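What follows is the content of coords_5.pdb (PDB, C-alpha atoms).
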```pdb
ATOM      1  CA  MET F 846      19.893 -28.139   8.414
ATOM      2  CA  SER F 847      17.972 -31.171   7.203
ATOM      3  CA  PHE F 848      16.653 -29.066   4.331
ATOM      4  CA  ILE F 849      20.217 -28.151   3.330
ATOM      5  CA  ARG F 850      21.355 -31.775   3.541
ATOM      6  CA  ASN F 851      18.418 -32.926   1.391
ATOM      7  CA  GLY F 852      19.198 -30.167  -1.087
ATOM      8  CA  LYS F 853      22.818 -31.300  -1.336
ATOM      9  CA  LYS F 854      21.727 -34.916  -1.902
ATOM     10  CA  THR F 855      19.347 -33.784  -4.620
ATOM     11  CA  LEU F 856      22.082 -31.775  -6.340
ATOM     12  CA  ILE F 857      24.462 -34.749  -6.174
ATOM     13  CA  LEU F 858      21.841 -37.053  -7.681
ATOM     14  CA  LEU F 859      21.092 -34.513 -10.418
ATOM     15  CA  ALA F 860      24.816 -34.226 -11.162
ATOM     16  CA  PHE F 861      25.003 -37.981 -11.740
ATOM     17  CA  VAL F 862      21.812 -38.028 -13.820
ATOM     18  CA  PHE F 863      22.596 -34.912 -15.861
ATOM     19  CA  PRO F 864      24.996 -36.495 -18.438
ATOM     20  CA  ALA F 865      22.530 -39.250 -19.306
ATOM     21  CA  LEU F 866      19.636 -36.774 -19.334
ATOM     22  CA  LEU F 867      21.620 -34.457 -21.618
ATOM     23  CA  PHE F 868      22.365 -37.201 -24.139
ATOM     24  CA  TYR F 869      18.748 -38.394 -23.986
ATOM     25  CA  SER F 870      17.441 -34.881 -24.584
ATOM     26  CA  VAL F 871      19.814 -34.174 -27.485
ATOM     27  CA  PHE F 872      19.631 -37.503 -29.307
ATOM     28  CA  VAL F 873      16.112 -38.779 -28.450
ATOM     29  CA  LEU F 874      13.791 -36.114 -27.057
ATOM     30  CA  ALA F 875      14.713 -33.225 -29.371
ATOM     31  CA  PRO F 876      14.570 -35.323 -32.592
ATOM     32  CA  SER F 877      11.214 -36.740 -31.491
ATOM     33  CA  ILE F 878       9.758 -33.276 -30.995
ATOM     34  CA  GLY F 879      11.304 -32.209 -34.297
ATOM     35  CA  GLY F 880       9.693 -35.194 -36.023
ATOM     36  CA  VAL F 881       6.266 -34.132 -34.783
ATOM     37  CA  TRP F 882       6.886 -30.595 -36.083
ATOM     38  CA  TYR F 883       8.216 -31.661 -39.484
ATOM     39  CA  SER F 884       5.320 -34.081 -39.957
ATOM     40  CA  LEU F 885       3.110 -31.000 -40.305
ATOM     41  CA  THR F 886       5.276 -29.491 -43.060
ATOM     42  CA  ASP F 887       6.277 -30.172 -46.668
ATOM     43  CA  TRP F 888      10.025 -30.057 -45.914
ATOM     44  CA  ASN F 889      12.186 -32.165 -48.232
ATOM     45  CA  GLY F 890      15.084 -32.486 -45.796
ATOM     46  CA  LEU F 891      17.353 -30.238 -47.899
ATOM     47  CA  ASN F 892      15.884 -26.774 -48.358
ATOM     48  CA  PRO F 893      16.109 -24.370 -45.406
ATOM     49  CA  THR F 894      12.529 -23.231 -46.024
ATOM     50  CA  TYR F 895       9.266 -25.135 -45.886
ATOM     51  CA  GLU F 896       5.545 -24.546 -45.528
ATOM     52  CA  MET F 897       3.075 -25.785 -42.964
ATOM     53  CA  VAL F 898       0.562 -28.228 -44.441
ATOM     54  CA  GLY F 899      -1.210 -29.305 -41.263
ATOM     55  CA  PHE F 900      -2.533 -32.834 -41.190
ATOM     56  CA  SER F 901      -2.568 -33.288 -44.970
ATOM     57  CA  ASN F 902       0.466 -35.605 -44.748
ATOM     58  CA  TYR F 903      -1.417 -37.874 -42.359
ATOM     59  CA  ILE F 904      -4.529 -37.859 -44.514
ATOM     60  CA  GLU F 905      -2.536 -38.700 -47.629
ATOM     61  CA  ALA F 906      -0.664 -41.528 -45.916
ATOM     62  CA  LEU F 907      -3.809 -43.168 -44.532
ATOM     63  CA  SER F 908      -6.103 -42.673 -47.510
ATOM     64  CA  GLU F 909      -4.075 -42.356 -50.718
ATOM     65  CA  ASP F 910      -0.701 -44.072 -50.224
ATOM     66  CA  ARG F 911      -1.370 -47.692 -51.220
ATOM     67  CA  PHE F 912       2.238 -48.740 -50.675
ATOM     68  CA  PHE F 913       2.198 -47.419 -47.114
ATOM     69  CA  LEU F 914      -1.084 -49.180 -46.332
ATOM     70  CA  ASP F 915       0.304 -52.400 -47.794
ATOM     71  CA  SER F 916       3.406 -52.038 -45.628
ATOM     72  CA  ILE F 917       1.191 -51.662 -42.546
ATOM     73  CA  GLY F 918      -0.637 -54.867 -43.447
ATOM     74  CA  PHE F 919       2.599 -56.771 -44.039
ATOM     75  CA  THR F 920       4.124 -55.440 -40.808
ATOM     76  CA  LEU F 921       1.085 -56.518 -38.788
ATOM     77  CA  LYS F 922       1.340 -59.995 -40.326
ATOM     78  CA  TYR F 923       5.036 -60.116 -39.493
ATOM     79  CA  VAL F 924       4.397 -58.940 -35.917
ATOM     80  CA  VAL F 925       1.768 -61.628 -35.262
ATOM     81  CA  PHE F 926       4.052 -64.417 -36.455
ATOM     82  CA  MET F 927       7.079 -63.048 -34.613
ATOM     83  CA  VAL F 928       5.296 -62.498 -31.296
ATOM     84  CA  ILE F 929       3.907 -66.028 -31.259
ATOM     85  CA  LEU F 930       6.858 -67.952 -32.691
ATOM     86  CA  SER F 931       9.719 -66.106 -30.996
ATOM     87  CA  ASN F 932       8.197 -66.368 -27.515
ATOM     88  CA  PHE F 933       7.179 -69.979 -28.081
ATOM     89  CA  PHE F 934      10.663 -71.052 -29.177
ATOM     90  CA  ALA F 935      12.321 -68.950 -26.481
ATOM     91  CA  ILE F 936      10.259 -70.563 -23.717
ATOM     92  CA  LEU F 937      10.810 -74.014 -25.242
ATOM     93  CA  LEU F 938      14.586 -73.517 -25.379
ATOM     94  CA  ALA F 939      14.639 -72.095 -21.854
ATOM     95  CA  VAL F 940      12.753 -75.090 -20.463
ATOM     96  CA  LEU F 941      14.890 -77.610 -22.347
ATOM     97  CA  ILE F 942      18.166 -75.970 -21.290
ATOM     98  CA  GLU F 943      17.119 -75.619 -17.658
ATOM     99  CA  SER F 944      16.078 -79.283 -17.580
ATOM    100  CA  ARG F 945      19.656 -80.325 -18.346
ATOM    101  CA  LYS F 946      22.009 -81.052 -15.479
ATOM    102  CA  ARG F 947      25.142 -80.379 -17.519
ATOM    103  CA  SER F 948      26.245 -78.165 -20.392
ATOM    104  CA  LYS F 949      23.738 -75.414 -19.545
ATOM    105  CA  VAL F 950      26.296 -72.665 -20.042
ATOM    106  CA  TRP F 951      27.347 -74.009 -23.442
ATOM    107  CA  PHE F 952      23.790 -74.181 -24.750
ATOM    108  CA  ARG F 953      22.976 -70.714 -23.444
ATOM    109  CA  THR F 954      26.040 -69.326 -25.200
ATOM    110  CA  ILE F 955      25.315 -71.113 -28.477
ATOM    111  CA  PHE F 956      21.717 -69.943 -28.721
ATOM    112  CA  PHE F 957      22.512 -66.409 -27.533
ATOM    113  CA  MET F 958      25.411 -65.858 -29.950
ATOM    114  CA  PRO F 959      23.227 -64.814 -32.962
ATOM    115  CA  ASN F 960      21.944 -61.899 -30.880
ATOM    116  CA  MET F 961      25.518 -60.587 -30.725
ATOM    117  CA  ILE F 962      25.736 -60.377 -34.529
ATOM    118  CA  SER F 963      24.459 -57.300 -36.356
ATOM    119  CA  LEU F 964      21.253 -57.966 -38.257
ATOM    120  CA  ILE F 965      22.835 -56.418 -41.338
ATOM    121  CA  ILE F 966      25.625 -59.006 -41.221
ATOM    122  CA  GLY F 967      23.159 -61.735 -40.316
ATOM    123  CA  GLY F 968      20.995 -60.747 -43.281
ATOM    124  CA  PHE F 969      23.874 -61.135 -45.720
ATOM    125  CA  MET F 970      24.837 -64.441 -44.078
ATOM    126  CA  TRP F 971      21.352 -65.825 -44.538
ATOM    127  CA  MET F 972      21.140 -64.476 -48.079
ATOM    128  CA  PHE F 973      24.224 -66.581 -48.856
ATOM    129  CA  ILE F 974      22.572 -69.575 -47.176
ATOM    130  CA  PHE F 975      19.300 -69.189 -49.069
ATOM    131  CA  THR F 976      20.884 -68.529 -52.469
ATOM    132  CA  LYS F 977      23.982 -70.753 -52.338
ATOM    133  CA  VAL F 978      24.025 -73.246 -49.484
ATOM    134  CA  LEU F 979      20.477 -74.611 -49.660
ATOM    135  CA  PRO F 980      20.531 -75.118 -53.471
ATOM    136  CA  TYR F 981      23.886 -76.900 -53.103
ATOM    137  CA  ILE F 982      22.455 -79.185 -50.395
ATOM    138  CA  ALA F 983      19.398 -79.880 -52.543
ATOM    139  CA  GLU F 984      21.582 -80.727 -55.523
ATOM    140  CA  HIS F 985      23.822 -83.195 -53.669
ATOM    141  CA  THR F 986      21.342 -84.760 -51.255
ATOM    142  CA  VAL F 987      17.802 -86.108 -51.224
ATOM    143  CA  PHE F 988      16.448 -82.827 -49.811
ATOM    144  CA  LYS F 989      15.352 -81.504 -53.194
ATOM    145  CA  PHE F 990      12.657 -79.319 -51.644
ATOM    146  CA  LEU F 991      15.369 -76.950 -50.361
ATOM    147  CA  ASP F 992      16.043 -75.735 -53.895
ATOM    148  CA  GLN F 993      13.560 -72.875 -53.833
ATOM    149  CA  SER F 994      13.652 -69.202 -54.707
ATOM    150  CA  TRP F 995      13.660 -68.186 -51.051
ATOM    151  CA  ILE F 996      14.359 -64.517 -51.773
ATOM    152  CA  GLY F 997      12.717 -64.079 -55.174
ATOM    153  CA  ASP F 998       9.387 -65.806 -54.482
ATOM    154  CA  PRO F 999       6.889 -63.518 -52.678
ATOM    155  CA  ARG F1000       5.376 -66.531 -50.910
ATOM    156  CA  LEU F1001       8.726 -67.753 -49.549
ATOM    157  CA  SER F1002      10.476 -64.436 -48.904
ATOM    158  CA  PHE F1003       8.223 -63.835 -45.897
ATOM    159  CA  PHE F1004       9.274 -67.140 -44.334
ATOM    160  CA  ALA F1005      12.924 -66.424 -45.141
ATOM    161  CA  LEU F1006      12.560 -63.149 -43.259
ATOM    162  CA  LEU F1007      10.937 -64.963 -40.320
ATOM    163  CA  ILE F1008      13.790 -67.483 -40.173
ATOM    164  CA  LEU F1009      16.375 -64.705 -40.045
ATOM    165  CA  SER F1010      14.460 -62.771 -37.379
ATOM    166  CA  LEU F1011      13.864 -65.845 -35.213
ATOM    167  CA  TRP F1012      17.497 -66.893 -35.514
ATOM    168  CA  SER F1013      18.591 -63.456 -34.352
ATOM    169  CA  GLY F1014      16.034 -62.703 -31.640
ATOM    170  CA  VAL F1015      15.078 -65.916 -29.864
ATOM    171  CA  GLY F1016      18.340 -66.117 -27.900
ATOM    172  CA  TYR F1017      17.736 -62.794 -26.141
ATOM    173  CA  LEU F1018      14.227 -63.804 -25.077
ATOM    174  CA  MET F1019      15.539 -67.213 -24.003
ATOM    175  CA  VAL F1020      17.834 -65.547 -21.458
ATOM    176  CA  ILE F1021      14.878 -63.638 -19.998
ATOM    177  CA  TYR F1022      12.835 -66.807 -19.621
ATOM    178  CA  ILE F1023      15.770 -68.760 -18.165
ATOM    179  CA  ALA F1024      16.121 -66.109 -15.460
ATOM    180  CA  ALA F1025      12.382 -66.361 -14.763
ATOM    181  CA  LEU F1026      12.455 -70.170 -14.612
ATOM    182  CA  GLN F1027      15.287 -70.065 -12.095
ATOM    183  CA  GLY F1028      13.041 -68.017  -9.829
ATOM    184  CA  VAL F1029      10.266 -70.626  -9.712
ATOM    185  CA  PRO F1030      10.395 -72.387  -6.285
ATOM    186  CA  GLN F1031      11.356 -76.040  -6.645
ATOM    187  CA  GLN F1032       8.996 -76.920  -3.781
ATOM    188  CA  LEU F1033       5.975 -76.000  -5.901
ATOM    189  CA  LYS F1034       7.084 -78.326  -8.713
ATOM    190  CA  GLU F1035       7.731 -81.138  -6.258
ATOM    191  CA  ALA F1036       4.321 -80.617  -4.642
ATOM    192  CA  ALA F1037       2.642 -80.789  -8.046
ATOM    193  CA  ALA F1038       4.536 -83.987  -8.871
ATOM    194  CA  ILE F1039       3.468 -85.548  -5.566
ATOM    195  CA  ASP F1040      -0.141 -84.681  -6.390
ATOM    196  CA  GLY F1041       0.225 -86.647  -9.622
ATOM    197  CA  ALA F1042       0.579 -83.787 -12.092
ATOM    198  CA  SER F1043       2.425 -84.552 -15.315
ATOM    199  CA  ALA F1044       5.317 -82.418 -16.548
ATOM    200  CA  LEU F1045       2.994 -80.570 -18.944
ATOM    201  CA  GLN F1046       0.389 -79.972 -16.241
ATOM    202  CA  THR F1047       3.074 -78.738 -13.866
ATOM    203  CA  PHE F1048       4.336 -76.289 -16.446
ATOM    204  CA  ARG F1049       0.852 -75.019 -17.364
ATOM    205  CA  ASN F1050      -0.487 -74.689 -13.806
ATOM    206  CA  VAL F1051       2.631 -73.901 -11.769
ATOM    207  CA  THR F1052       5.551 -72.689 -13.882
ATOM    208  CA  LEU F1053       3.728 -70.568 -16.460
ATOM    209  CA  PRO F1054       1.792 -68.436 -13.940
ATOM    210  CA  MET F1055       5.041 -67.848 -12.043
ATOM    211  CA  ILE F1056       6.864 -66.510 -15.124
ATOM    212  CA  TYR F1057       4.059 -64.210 -16.305
ATOM    213  CA  PRO F1058       6.117 -61.069 -15.528
ATOM    214  CA  ALA F1059       8.851 -62.387 -17.842
ATOM    215  CA  LEU F1060       6.221 -63.190 -20.467
ATOM    216  CA  THR F1061       4.988 -59.593 -20.237
ATOM    217  CA  ILE F1062       8.528 -58.361 -20.885
ATOM    218  CA  GLY F1063       9.019 -60.862 -23.718
ATOM    219  CA  LEU F1064       5.841 -59.782 -25.482
ATOM    220  CA  PHE F1065       6.701 -56.114 -24.973
ATOM    221  CA  VAL F1066      10.191 -56.541 -26.438
ATOM    222  CA  THR F1067       8.947 -58.631 -29.360
ATOM    223  CA  LEU F1068       6.146 -56.211 -30.245
ATOM    224  CA  ASN F1069       8.455 -53.209 -30.272
ATOM    225  CA  ASN F1070      11.268 -54.900 -32.183
ATOM    226  CA  SER F1071       8.892 -56.422 -34.727
ATOM    227  CA  PHE F1072       7.126 -53.165 -35.516
ATOM    228  CA  LYS F1073      10.465 -51.362 -35.890
ATOM    229  CA  VAL F1074      12.174 -54.090 -37.932
ATOM    230  CA  PHE F1075      14.375 -52.601 -40.620
ATOM    231  CA  GLU F1076      17.866 -54.121 -40.816
ATOM    232  CA  ALA F1077      16.698 -57.682 -41.456
ATOM    233  CA  VAL F1078      14.446 -56.665 -44.346
ATOM    234  CA  PHE F1079      16.956 -54.184 -45.763
ATOM    235  CA  ALA F1080      19.797 -56.728 -45.810
ATOM    236  CA  LEU F1081      17.897 -59.871 -46.820
ATOM    237  CA  THR F1082      15.208 -58.847 -49.296
ATOM    238  CA  GLY F1083      15.410 -55.061 -49.641
ATOM    239  CA  GLY F1084      11.620 -55.054 -49.379
ATOM    240  CA  GLY F1085      11.272 -57.286 -52.434
ATOM    241  CA  PRO F1086      10.525 -59.038 -54.569
ATOM    242  CA  GLY F1087       8.813 -55.870 -55.712
ATOM    243  CA  ARG F1088       7.309 -54.588 -52.466
ATOM    244  CA  ALA F1089       6.227 -57.978 -51.139
ATOM    245  CA  THR F1090       8.248 -57.688 -47.906
ATOM    246  CA  GLN F1091       8.285 -53.934 -47.395
ATOM    247  CA  VAL F1092       7.743 -53.086 -43.738
ATOM    248  CA  ILE F1093       6.709 -49.685 -42.381
ATOM    249  CA  ALA F1094      10.226 -48.650 -41.373
ATOM    250  CA  LEU F1095      11.582 -49.427 -44.836
ATOM    251  CA  ASN F1096       8.721 -47.533 -46.481
ATOM    252  CA  ILE F1097       9.515 -44.500 -44.308
ATOM    253  CA  PHE F1098      13.218 -44.772 -45.138
ATOM    254  CA  GLU F1099      12.560 -44.890 -48.879
ATOM    255  CA  GLU F1100      10.119 -41.985 -48.677
ATOM    256  CA  ALA F1101      12.629 -39.802 -46.851
ATOM    257  CA  PHE F1102      15.905 -40.725 -48.518
ATOM    258  CA  SER F1103      15.503 -42.917 -51.599
ATOM    259  CA  GLN F1104      12.592 -41.622 -53.664
ATOM    260  CA  SER F1105      11.289 -38.061 -53.517
ATOM    261  CA  ASN F1106      13.014 -36.788 -50.353
ATOM    262  CA  ARG F1107       9.663 -35.979 -48.780
ATOM    263  CA  TYR F1108      11.046 -35.698 -45.276
ATOM    264  CA  GLY F1109       7.940 -34.080 -43.808
ATOM    265  CA  TYR F1110       5.706 -36.754 -45.315
ATOM    266  CA  ALA F1111       8.033 -39.486 -44.021
ATOM    267  CA  SER F1112       7.905 -37.888 -40.557
ATOM    268  CA  ALA F1113       4.111 -38.118 -40.636
ATOM    269  CA  LYS F1114       4.400 -41.840 -41.430
ATOM    270  CA  ALA F1115       6.853 -42.213 -38.540
ATOM    271  CA  MET F1116       4.338 -40.585 -36.204
ATOM    272  CA  ILE F1117       1.663 -42.987 -37.409
ATOM    273  CA  LEU F1118       4.007 -45.899 -36.681
ATOM    274  CA  PHE F1119       4.664 -44.464 -33.227
ATOM    275  CA  LEU F1120       0.942 -44.210 -32.479
ATOM    276  CA  ILE F1121       0.325 -47.789 -33.673
ATOM    277  CA  VAL F1122       3.128 -49.156 -31.498
ATOM    278  CA  PHE F1123       2.113 -47.012 -28.522
ATOM    279  CA  ILE F1124      -1.550 -48.055 -28.578
ATOM    280  CA  ILE F1125      -0.849 -51.763 -29.106
ATOM    281  CA  THR F1126       1.843 -51.754 -26.412
ATOM    282  CA  ILE F1127      -0.426 -50.063 -23.864
ATOM    283  CA  VAL F1128      -3.184 -52.595 -24.558
ATOM    284  CA  GLN F1129      -0.716 -55.505 -24.337
ATOM    285  CA  LEU F1130       0.723 -54.299 -21.026
ATOM    286  CA  TRP F1131      -2.749 -53.713 -19.574
ATOM    287  CA  ILE F1132      -3.929 -57.200 -20.516
ATOM    288  CA  MET F1133      -0.744 -58.916 -19.307
ATOM    289  CA  LYS F1134      -0.701 -57.031 -15.998
ATOM    290  CA  ARG F1135      -4.262 -58.183 -15.342
ATOM    291  CA  ARG F1136      -3.236 -61.762 -16.126
ATOM    292  CA  GLU F1137      -0.290 -61.433 -13.735
ATOM    293  CA  VAL F1138      -2.625 -60.400 -10.906
ATOM    294  CA  GLU F1139      -5.024 -63.238 -11.686
ATOM    295  CA  ALA F1140      -2.133 -65.727 -11.825
TER     296      ALA F1140
END
```

As structure tokens:
Amino acid sequence: MSFIRNGKKTLILLAFVFPALLFYSVFVLAPSIGGVWYSLTDWNGLNPTYEMVGFSNYIEALSEDRFFLDSIGFTLKYVVFMVILSNFFAILLAVLIESRKRSKVWFRTIFFMPNMISLIIGGFMWMFIFTKVLPYIAEHTVFKFLDQSWIGDPRLSFFALLILSLWSGVGYLMVIYIAALQGVPQQLKEAAAIDGASALQTFRNVTLPMIYPALTIGLFVTLNNSFKVFEAVFALTGGGPGRATQVIALNIFEEAFSQSNRYGYASAKAMILFLIVFIITIVQLWIMKRREVEA
């Protein structure tokens, strides 16, 4: 009888899980497997027939495609800046907001609101700011340094992209760190203050070790989002000027849909991106989990 009851419970649980599992299999798992298959072919995304080419797409992408290699280098640069700056500003905002006795809800809402706006829309908003608003401010105020070619200058377009990405993503991380800070026992902070620790020492030795799990999540989210960034670059710079801000995702998109319709070759690049993200994420999680145990 117990076996029958357990079987019924299992069937009920499977019935609840089945719709989500079905959608996941159709829209995530099956396309992923298809991407692996097509990465070994010369399919152009249009013809019903194609030929198997093995790993030649991978070899070409990693040894002959200069634009793809440049996009990997630029993406890695972007990821480093985003991981450091976004988590730094998110923790800073979380600490400052939690230190206030009033208006916490208002500040949380204000800083989280950009995360509710599509990056495509945000990109066009910031393009207007960089090309119209800042030059106008520079012309009518003493801030003449704002009159720059933020989008057209390869040296400044990277920082324009960072500003847009930070504006959009910091609020989400801030909420994670606020939740973590609220879980830090007040008694530990008070004990540190009684022992003569300053606010900075208390944060470094008491608060930070306690929020390491949130920091692990924040780094994980930032790494994944930064490697897969597409909308911000597509809307703000389009990968330009030239190819100065072309990230991996945009390079894959152009290879598959905008240039030669080499869908199989673009799939191979997507698999390379997946492997890069997978390896770096595994290493990051392993290091952070060890730090959590030590903390």

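Our summary of the geometry notes that CA of Thr1052 in chain F is positioned 12.6 Å from CA of Leu937 in chain F.
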
Q.
Take the PyMOL selection byres ((chain F and resi 880-888) around 8), run it mentally on this structure, and tell me the resulting residues as a list of chain:residue names.
A.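 Residues picked by the PyMOL selection byres ((chain F and resi 880-888) around 8): F:Pro876, F:Ser877, F:Ile878, F:Gly879, F:Asn889, F:Gly890, F:Leu891, F:Asn892, F:Thr894, F:Tyr895, F:Glu896, F:Met897, F:Val898, F:Gly899, F:Phe900, F:Ser901, F:Asn902, F:Arg1107, F:Tyr1108, F:Gly1109, F:Tyr1110, F:Ala1111, F:Ser1112, F:Ala1113, F:Lys1114, F:Ala1115, F:Met1116.
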
Q: Figure out the distance between CA of Phe1119 in chain F and CA of Gly1085 in chain F, please, to one decimal in Å.
A: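 These atoms are spaced 24.0 Å apart.
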
**Q.** Given only C-alpha atoms as the counted atoms, nearest of F:Leu1081, F:Val873, F:Leu866, F:Ile1097 to Phe969 in chain F
**A.** F:Leu1081

Q: Please provide as a PyMOL selection string all residues within 12 Å of Phe1004 in chain F, with the sequence filter that same-chain residues fewer than 2 positions apart are discarded (counting all atoms listed in the file).
A: chain F and resi 922-923+926-927+930+975+993-1002+1006-1011+1078+1081-1082+1089-1090

Using C-alpha atoms, can you export the residues from the last selection as an mmCIF file, in the coordinates of the input?
```cif
data_model
loop_
_atom_site.group_PDB
_atom_site.id
_atom_site.type_symbol
_atom_site.label_atom_id
_atom_site.label_comp_id
_atom_site.auth_asym_id
_atom_site.auth_seq_id
_atom_site.Cartn_x
_atom_site.Cartn_y
_atom_site.Cartn_z
ATOM 1 C CA LYS F 922 1.340 -59.995 -40.326
ATOM 2 C CA TYR F 923 5.036 -60.116 -39.493
ATOM 3 C CA PHE F 926 4.052 -64.417 -36.455
ATOM 4 C CA MET F 927 7.079 -63.048 -34.613
ATOM 5 C CA LEU F 930 6.858 -67.952 -32.691
ATOM 6 C CA PHE F 975 19.300 -69.189 -49.069
ATOM 7 C CA GLN F 993 13.560 -72.875 -53.833
ATOM 8 C CA SER F 994 13.652 -69.202 -54.707
ATOM 9 C CA TRP F 995 13.660 -68.186 -51.051
ATOM 10 C CA ILE F 996 14.359 -64.517 -51.773
ATOM 11 C CA GLY F 997 12.717 -64.079 -55.174
ATOM 12 C CA ASP F 998 9.387 -65.806 -54.482
ATOM 13 C CA PRO F 999 6.889 -63.518 -52.678
ATOM 14 C CA ARG F 1000 5.376 -66.531 -50.910
ATOM 15 C CA LEU F 1001 8.726 -67.753 -49.549
ATOM 16 C CA SER F 1002 10.476 -64.436 -48.904
ATOM 17 C CA LEU F 1006 12.560 -63.149 -43.259
ATOM 18 C CA LEU F 1007 10.937 -64.963 -40.320
ATOM 19 C CA ILE F 1008 13.790 -67.483 -40.173
ATOM 20 C CA LEU F 1009 16.375 -64.705 -40.045
ATOM 21 C CA SER F 1010 14.460 -62.771 -37.379
ATOM 22 C CA LEU F 1011 13.864 -65.845 -35.213
ATOM 23 C CA VAL F 1078 14.446 -56.665 -44.346
ATOM 24 C CA LEU F 1081 17.897 -59.871 -46.820
ATOM 25 C CA THR F 1082 15.208 -58.847 -49.296
ATOM 26 C CA ALA F 1089 6.227 -57.978 -51.139
ATOM 27 C CA THR F 1090 8.248 -57.688 -47.906
#
```

**Q.** Matched chain/residue IDs from the PyMOL selection byres ((chain F and resi 935) around 8), as a count of residues only
**A.** 13

Q) the PyMOL selection byres ((chain F and resi 1034) around 12) on the file shown: which residues, as an MDAnalysis selection string? A) chainID F and resid 1026 1028:1033 1035:1053 1055

Q: In Å, rounded to a single decimal, give me how far CA of Gly1014 in chain F is from CA of Phe913 in chain F.
A: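 Result for CA of Phe913 in chain F versus CA of Gly1014 in chain F: 25.8 Å, one decimal.
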
Q. Which residue out of F:Tyr903, F:Phe912, F:Phe1065, F:Tyr1017 has the minimum interatomic distance to Glu1100 in chain F when all atoms listed in the file are used?
A.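 Using all atoms listed in the file, the shortest distance to Glu1100 in chain F belongs to F:Phe912.
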
Q. So, counting all atoms listed in the file, which residue among F:Ile1124, F:Met1133, F:Ile974, F:Leu907 is closest to Ile1062 in chain F?
A.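 Among the listed residues, the smallest separation from Ile1062 in chain F belongs to F:Met1133.
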
Please complete range 1034-1038 of chain F with all heavy atoms and give it back as a tab-separated table (two decimals), in the coordinates of the input.
```tsv
chain	number	residue	atom	x	y	z
F	1034	LYS	N	7.03	-77.26	-7.70
F	1034	LYS	CA	7.08	-78.33	-8.71
F	1034	LYS	C	7.02	-79.70	-8.06
F	1034	LYS	O	6.33	-80.60	-8.55
F	1034	LYS	CB	8.36	-78.19	-9.54
F	1034	LYS	CG	8.49	-76.89	-10.30
F	1034	LYS	CD	9.81	-76.85	-11.07
F	1034	LYS	CE	10.00	-75.54	-11.79
F	1034	LYS	NZ	11.30	-75.49	-12.52
F	1035	GLU	N	7.74	-79.85	-6.96
F	1035	GLU	CA	7.73	-81.14	-6.26
F	1035	GLU	C	6.35	-81.45	-5.69
F	1035	GLU	O	5.89	-82.59	-5.74
F	1035	GLU	CB	8.78	-81.12	-5.15
F	1035	GLU	CG	10.21	-81.02	-5.65
F	1035	GLU	CD	11.21	-80.86	-4.53
F	1035	GLU	OE1	10.77	-80.70	-3.37
F	1035	GLU	OE2	12.42	-80.88	-4.81
F	1036	ALA	N	5.67	-80.42	-5.17
F	1036	ALA	CA	4.32	-80.62	-4.64
F	1036	ALA	C	3.36	-81.03	-5.75
F	1036	ALA	O	2.50	-81.91	-5.56
F	1036	ALA	CB	3.83	-79.35	-3.96
F	1037	ALA	N	3.50	-80.42	-6.92
F	1037	ALA	CA	2.64	-80.79	-8.05
F	1037	ALA	C	2.92	-82.22	-8.49
F	1037	ALA	O	1.99	-82.96	-8.83
F	1037	ALA	CB	2.87	-79.82	-9.21
F	1038	ALA	N	4.20	-82.61	-8.49
F	1038	ALA	CA	4.54	-83.99	-8.87
F	1038	ALA	C	3.98	-84.99	-7.88
F	1038	ALA	O	3.50	-86.07	-8.25
F	1038	ALA	CB	6.05	-84.13	-8.99
```
